[in-house]
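Encoded as structure tokens, the structure appears first; notes follow it.
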Amino acid sequence: MTYRDANAAKATYQGKSRPQKQLWTWYSLRDLGDAAGQGDGPGEVQAINRTDLLTRYLNDYRFFLQKIGTSHDMIDLEPDFWGYVRSLGNPHQVAAQVKAANPTDCGSQENSASGLAQCLITMGHKYAPNTGVGLHLSCFDWQQNTPQCAKDYTDLGAKNADFLVTDVTDRDAGWYALPAHGSKDTYWNDQKGFAALAFYKTLAEATGKSVVLWQVPLGNMAQNNTPNHYKDDKVDWFFSHLDQAANAHVGGILFGAGWSEQTTPETDGGNLINKTIAYHNAGGTPLK
């Protein structure tokens, strides 16, 4: 990881220095669930109530942060996990052995999932002071229950994080549409896109934090739905609605699929790069 940080700091654009930020996705509580014999899902939340496992986890997290050191990075904390916490009720009532697992850094936090969230944020600010720490926004029921999601993230203490991170979809729509992959319709239209923006805006305003979009697939409608060339519409939709995204307090859009075989910047026919250059040359969109 120090190699990646060093390379990001040395990045150039058109022959000039243009340092990049490294985004780390810290996705380790799933491993804790496996160690507890619970696997993925709500059962993994039980693992945070075991002092031995949570101690090991927080020690690993401290080591990770110390490796980041003074780099100007971003951390996306635990995709999916907070959604599993939400499924078990009020985050303040979901038990976690925070104090015993890390009395040095987190002895003042409550023994709950909320306390764990605060512990992770506090440790991030302590050991990697130039790095932004973001809670991952896992609201699996957001289309039916956005107000409850906003309350739960308020209870998790999202106001003390630096931003929120949330998924768009992890694979190209053309890949998902194949019968072998479930024949799912994950293409967007304005109705779907504006509903998502309304959700982001509600959560941003409830917590006082901007939202970073993660795993935005790179397909476009000129592709032919073969490996590395699947169709999708998210890149084109977002570049056509950047003012609306800014109005929803979206602070960043991270393009890239979360699975193999998907369209990439090297295989999309130059679509993402060309749109990014045009966006840059036009002056960009102010954040709100």
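Every chain in the structure tokens takes a letter, A first, then B, and so on in the order presented; its residues are numbered from 1, and the ligands are numbered from 1 following the presented order.
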
Can you pull out the residues contacting A:Gln66? Cut-off 9 Å, using only C-alpha atoms, and skip same-chain residues under 4 positions away; I want them as a JSON list (two decimals) with all heavy atoms, in the first residue's frame.
```
[["chain", "number", "residue", "atom", "x", "y", "z"],
["A", 61, "TYR", "N", -6.56, -2.84, 11.91],
["A", 61, "TYR", "CA", -6.97, -1.53, 11.40],
["A", 61, "TYR", "C", -5.95, -0.46, 11.78],
["A", 61, "TYR", "O", -5.59, 0.39, 10.96],
["A", 61, "TYR", "CB", -8.35, -1.20, 11.96],
["A", 61, "TYR", "CG", -8.92, 0.13, 11.51],
["A", 61, "TYR", "CD1", -9.15, 0.40, 10.16],
["A", 61, "TYR", "CD2", -9.27, 1.11, 12.44],
["A", 61, "TYR", "CE1", -9.70, 1.61, 9.75],
["A", 61, "TYR", "CE2", -9.82, 2.31, 12.04],
["A", 61, "TYR", "CZ", -10.03, 2.56, 10.70],
["A", 61, "TYR", "OH", -10.57, 3.77, 10.30],
["A", 62, "ARG", "N", -5.44, -0.50, 13.01],
["A", 62, "ARG", "CA", -4.42, 0.45, 13.44],
["A", 62, "ARG", "C", -3.16, 0.32, 12.57],
["A", 62, "ARG", "O", -2.58, 1.32, 12.14],
["A", 62, "ARG", "CB", -4.06, 0.25, 14.91],
["A", 62, "ARG", "CG", -3.07, 1.30, 15.44],
["A", 62, "ARG", "CD", -2.57, 0.97, 16.83],
["A", 62, "ARG", "NE", -3.63, 0.90, 17.80],
["A", 62, "ARG", "CZ", -4.10, -0.23, 18.34],
["A", 62, "ARG", "NH1", -3.57, -1.40, 17.98],
["A", 62, "ARG", "NH2", -5.05, -0.20, 19.23],
["A", 70, "THR", "N", 0.87, 9.90, 6.88],
["A", 70, "THR", "CA", 0.48, 11.28, 6.56],
["A", 70, "THR", "C", 0.03, 11.45, 5.11],
["A", 70, "THR", "O", -0.14, 12.57, 4.64],
["A", 70, "THR", "CB", 1.66, 12.23, 6.83],
["A", 70, "THR", "OG1", 2.80, 11.82, 6.06],
["A", 70, "THR", "CG2", 2.02, 12.24, 8.30],
["A", 127, "TYR", "N", -4.47, 8.23, 13.58],
["A", 127, "TYR", "CA", -3.30, 7.59, 13.00],
["A", 127, "TYR", "C", -3.03, 7.97, 11.54],
["A", 127, "TYR", "O", -1.92, 7.76, 11.05],
["A", 127, "TYR", "CB", -3.42, 6.07, 13.12],
["A", 127, "TYR", "CG", -3.38, 5.58, 14.54],
["A", 127, "TYR", "CD1", -4.53, 5.15, 15.19],
["A", 127, "TYR", "CD2", -2.19, 5.57, 15.26],
["A", 127, "TYR", "CE1", -4.50, 4.70, 16.50],
["A", 127, "TYR", "CE2", -2.14, 5.12, 16.58],
["A", 127, "TYR", "CZ", -3.30, 4.69, 17.19],
["A", 127, "TYR", "OH", -3.27, 4.25, 18.50],
["A", 128, "ALA", "N", -4.03, 8.50, 10.87],
["A", 128, "ALA", "CA", -3.86, 8.94, 9.47],
["A", 128, "ALA", "C", -4.49, 10.32, 9.35],
["A", 128, "ALA", "O", -5.54, 10.49, 8.73],
["A", 128, "ALA", "CB", -4.51, 7.94, 8.51]]
```

Quick one: contact table of stretch 70-136 of chain A to stretch 199-210 of chain A, 12 Å max, nearest atom pair and distance in Å to one decimal per residue, counting only C-alpha atoms, chain and number order, as JSON lines?
```
{"residue": "A:Gly132", "atom": "CA", "partner": "A:Lys209", "partner_atom": "CA", "distance": 11.7}
{"residue": "A:Val133", "atom": "CA", "partner": "A:Lys209", "partner_atom": "CA", "distance": 11.2}
{"residue": "A:Gly134", "atom": "CA", "partner": "A:Lys209", "partner_atom": "CA", "distance": 9.2}
{"residue": "A:Leu135", "atom": "CA", "partner": "A:Lys209", "partner_atom": "CA", "distance": 10.1}
{"residue": "A:His136", "atom": "CA", "partner": "A:Leu203", "partner_atom": "CA", "distance": 11.7}
```

Include N, CA and C atoms and write out the residues we just selected as a PDB file, in the first residue's frame.
```pdb
ATOM      1  N   GLY A 132      -9.244  11.292   4.811  1.00  0.00           N
ATOM      2  CA  GLY A 132     -10.675  11.365   5.080  1.00  0.00           C
ATOM      3  C   GLY A 132     -11.239   9.981   5.333  1.00  0.00           C
ATOM      4  N   VAL A 133     -12.137   9.885   6.306  1.00  0.00           N
ATOM      5  CA  VAL A 133     -12.733   8.605   6.680  1.00  0.00           C
ATOM      6  C   VAL A 133     -14.234   8.669   6.409  1.00  0.00           C
ATOM      7  N   GLY A 134     -14.736   7.724   5.621  1.00  0.00           N
ATOM      8  CA  GLY A 134     -16.145   7.735   5.252  1.00  0.00           C
ATOM      9  C   GLY A 134     -16.862   6.463   5.639  1.00  0.00           C
ATOM     10  N   LEU A 135     -18.032   6.605   6.255  1.00  0.00           N
ATOM     11  CA  LEU A 135     -18.871   5.436   6.515  1.00  0.00           C
ATOM     12  C   LEU A 135     -19.551   5.009   5.215  1.00  0.00           C
ATOM     13  N   HIS A 136     -19.566   3.709   4.975  1.00  0.00           N
ATOM     14  CA  HIS A 136     -20.252   3.221   3.785  1.00  0.00           C
ATOM     15  C   HIS A 136     -21.752   3.209   4.044  1.00  0.00           C
TER      16      HIS A 136
END
```

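Proximity ranking of A:Leu178, A:Ala101, A:Met74, A:Leu88 relative to A:Arg56 places A:Ala101 first, based on only C-alpha atoms.
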
Between stretch 143-226 of chain A and stretch 235-239 of chain A, at 10 Å or less, what are the per-residue closest atom pairs and their distances in Å? Count only C-alpha atoms, order by chain and rising residue number, and return it as JSON lines.
```
{"residue": "A:Trp188", "atom": "CA", "partner": "A:Trp237", "partner_atom": "CA", "distance": 7.9}
{"residue": "A:Asn189", "atom": "CA", "partner": "A:Trp237", "partner_atom": "CA", "distance": 8.1}
{"residue": "A:Asp190", "atom": "CA", "partner": "A:Trp237", "partner_atom": "CA", "distance": 8.3}
{"residue": "A:Gly193", "atom": "CA", "partner": "A:Trp237", "partner_atom": "CA", "distance": 8.0}
{"residue": "A:Val216", "atom": "CA", "partner": "A:Val235", "partner_atom": "CA", "distance": 7.5}
{"residue": "A:Pro217", "atom": "CA", "partner": "A:Val235", "partner_atom": "CA", "distance": 7.3}
{"residue": "A:Leu218", "atom": "CA", "partner": "A:Val235", "partner_atom": "CA", "distance": 6.1}
{"residue": "A:Gly219", "atom": "CA", "partner": "A:Val235", "partner_atom": "CA", "distance": 7.4}
{"residue": "A:Asn220", "atom": "CA", "partner": "A:Val235", "partner_atom": "CA", "distance": 7.2}
{"residue": "A:Met221", "atom": "CA", "partner": "A:Asp236", "partner_atom": "CA", "distance": 9.1}
```

Write the residues you've just listed into a file as a short mmCIF file (atom, residue, chain, number, x, y, z; two decimals), in the first residue's frame, and include all heavy atoms for each of them.
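Full text of out-v2.cif as output:
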```
data_model
loop_
_atom_site.label_atom_id
_atom_site.label_comp_id
_atom_site.auth_asym_id
_atom_site.auth_seq_id
_atom_site.Cartn_x
_atom_site.Cartn_y
_atom_site.Cartn_z
N TRP A 188 -30.51 2.38 -16.10
CA TRP A 188 -31.13 3.56 -15.49
C TRP A 188 -31.97 4.29 -16.52
O TRP A 188 -31.77 4.19 -17.73
CB TRP A 188 -30.06 4.51 -14.96
CG TRP A 188 -29.70 4.24 -13.53
CD1 TRP A 188 -29.85 3.07 -12.86
CD2 TRP A 188 -29.10 5.15 -12.61
NE1 TRP A 188 -29.39 3.19 -11.57
CE2 TRP A 188 -28.92 4.46 -11.39
CE3 TRP A 188 -28.70 6.48 -12.68
CZ2 TRP A 188 -28.36 5.06 -10.27
CZ3 TRP A 188 -28.13 7.07 -11.57
CH2 TRP A 188 -27.97 6.37 -10.37
N ASN A 189 -32.94 5.04 -16.01
CA ASN A 189 -33.62 6.08 -16.76
C ASN A 189 -33.70 7.28 -15.83
O ASN A 189 -33.18 7.24 -14.71
CB ASN A 189 -35.00 5.62 -17.25
CG ASN A 189 -35.84 5.07 -16.10
OD1 ASN A 189 -35.70 5.50 -14.94
ND2 ASN A 189 -36.71 4.11 -16.39
N ASP A 190 -34.32 8.35 -16.26
CA ASP A 190 -34.38 9.54 -15.40
C ASP A 190 -35.10 9.26 -14.10
O ASP A 190 -34.71 9.77 -13.04
CB ASP A 190 -35.05 10.69 -16.14
CG ASP A 190 -34.12 11.36 -17.15
OD1 ASP A 190 -32.91 11.07 -17.12
OD2 ASP A 190 -34.60 12.18 -17.95
N GLY A 193 -32.64 7.43 -11.86
CA GLY A 193 -31.51 8.29 -11.52
C GLY A 193 -31.90 9.39 -10.53
O GLY A 193 -31.20 9.63 -9.54
N VAL A 216 -19.26 2.69 -9.91
CA VAL A 216 -20.10 3.09 -11.03
C VAL A 216 -19.58 2.36 -12.27
O VAL A 216 -18.44 2.57 -12.68
CB VAL A 216 -20.05 4.61 -11.25
CG1 VAL A 216 -20.95 4.99 -12.43
CG2 VAL A 216 -20.47 5.34 -9.98
N PRO A 217 -20.37 1.47 -12.86
CA PRO A 217 -19.87 0.66 -13.98
C PRO A 217 -19.58 1.51 -15.21
O PRO A 217 -20.15 2.58 -15.40
CB PRO A 217 -21.00 -0.34 -14.23
CG PRO A 217 -22.22 0.32 -13.68
CD PRO A 217 -21.77 1.15 -12.52
N LEU A 218 -18.71 1.00 -16.06
CA LEU A 218 -18.16 1.78 -17.15
C LEU A 218 -18.75 1.46 -18.52
O LEU A 218 -18.33 2.03 -19.53
CB LEU A 218 -16.64 1.57 -17.20
CG LEU A 218 -15.88 2.24 -16.07
CD1 LEU A 218 -14.53 1.60 -15.86
CD2 LEU A 218 -15.72 3.71 -16.37
N GLY A 219 -19.70 0.54 -18.58
CA GLY A 219 -20.26 0.19 -19.88
C GLY A 219 -20.95 1.36 -20.56
O GLY A 219 -21.32 2.34 -19.92
N ASN A 220 -21.14 1.23 -21.86
CA ASN A 220 -21.93 2.21 -22.60
C ASN A 220 -22.69 1.47 -23.70
O ASN A 220 -22.41 0.30 -23.99
CB ASN A 220 -21.06 3.33 -23.17
CG ASN A 220 -19.97 2.83 -24.09
OD1 ASN A 220 -20.24 2.41 -25.22
ND2 ASN A 220 -18.72 2.85 -23.62
N MET A 221 -23.63 2.16 -24.31
CA MET A 221 -24.55 1.47 -25.22
C MET A 221 -23.92 1.13 -26.57
O MET A 221 -24.56 0.48 -27.41
CB MET A 221 -25.81 2.31 -25.42
CG MET A 221 -26.56 2.60 -24.12
SD MET A 221 -26.93 1.10 -23.14
CE MET A 221 -28.21 0.37 -24.16
#
```

What residues in stretch 140-213 of chain A get the DSSP label strand (DSSP E)? Please answer as a list in words.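 The strand (DSSP E) subset of stretch 140-213 of chain A is Phe163, Leu164, Val165, Thr166, Asp167, Val211, Val212 and Leu213 of chain A.
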
Quick one: which stretch 143-168 of chain A residues come within 12 Å of stretch 254-274 of chain A, and what is the nearest atom pair for each with the distance in Å to one decimal, counting only C-alpha atoms, rows ordered by chain and ascending number, as JSON lines?
```
{"residue": "A:Val165", "atom": "CA", "partner": "A:Leu254", "partner_atom": "CA", "distance": 9.9}
{"residue": "A:Thr166", "atom": "CA", "partner": "A:Leu254", "partner_atom": "CA", "distance": 10.2}
{"residue": "A:Asp167", "atom": "CA", "partner": "A:Leu254", "partner_atom": "CA", "distance": 9.6}
{"residue": "A:Val168", "atom": "CA", "partner": "A:Leu254", "partner_atom": "CA", "distance": 9.8}
```

For a quick check of understanding, using only C-alpha atoms, which of A:Ile277, A:Val212, A:Ala248, A:Ala173 has the smallest distance to A:Asn225? A:Ala173

For A:Asn59, which residue out of A:Asp40, A:Asp105, A:Asp141, A:Asp243 is the nearest one, using only C-alpha atoms?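 The shortest atom-to-atom distance to A:Asn59 comes from A:Asp105.
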
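A straight line drawn from atom CA of A:Gly107 to atom CA of A:Gln148 is 28.7 Å long.
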
Name the closest residue to A:Gln46 among the candidates A:Cys139, A:Val85, A:Tyr176, A:Phe63; distances are taken between atoms, counting only C-alpha atoms.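 Of A:Cys139, A:Val85, A:Tyr176, A:Phe63, the one nearest A:Gln46 is A:Val85, counting only C-alpha atoms.
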
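The spacing separating atom CA of A:Leu137 from atom CA of A:Lys184 amounts to 22.6 Å.
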
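Shortest separation to A:Gln22 among A:Gln93, A:Gln38, A:Asn49, A:Thr131 occurs at residue A:Thr131, atoms counted being only C-alpha atoms.
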
Could you check which of A:Ile121, A:Val211, A:Ala245, A:Ala222 is closest to A:Leu65, using only C-alpha atoms? A:Ile121

Could you give me, as a list in words, the residues within 9 Å of A:Leu54, counting only C-alpha atoms and dropping anything in the same chain fewer than 5 positions from it? Leu32, Ala47, Ile48, Asn49, Asn59, Ala96, Gln97, Val98, Ala100, Ala101 and Asn102 of chain A

Taking C-alpha atoms for each residue, export the selection above as a short mmCIF file (atom, residue, chain, number, x, y, z; two decimals), in the first residue's frame.
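Generated output (selection32.cif):
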```
data_model
loop_
_atom_site.label_atom_id
_atom_site.label_comp_id
_atom_site.auth_asym_id
_atom_site.auth_seq_id
_atom_site.Cartn_x
_atom_site.Cartn_y
_atom_site.Cartn_z
CA LEU A 32 -14.33 -11.50 11.24
CA ALA A 47 -18.54 -11.24 15.85
CA ILE A 48 -18.08 -7.66 17.06
CA ASN A 49 -19.37 -8.78 20.46
CA ASN A 59 -5.14 -4.05 15.81
CA ALA A 96 -19.94 -4.74 20.52
CA GLN A 97 -16.97 -5.11 22.87
CA VAL A 98 -15.40 -1.81 21.86
CA ALA A 100 -12.23 -4.02 25.96
CA ALA A 101 -11.00 -4.54 22.39
CA ASN A 102 -9.20 -1.18 22.24
#
```

When DSSP works through the backbone of this structure, what residues of stretch 80-247 of chain A end up as alpha helix (DSSP H), shown as number ranges by chain? A: 81-86, 98-101, 103-106, 113-127, 142-155, 173-177, 190-207, 234-240, 242-247

Å distance separating atom CA of A:Cys149 from atom CA of A:Gly182, one decimal place: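 These two atoms are separated by 27.4 Å.
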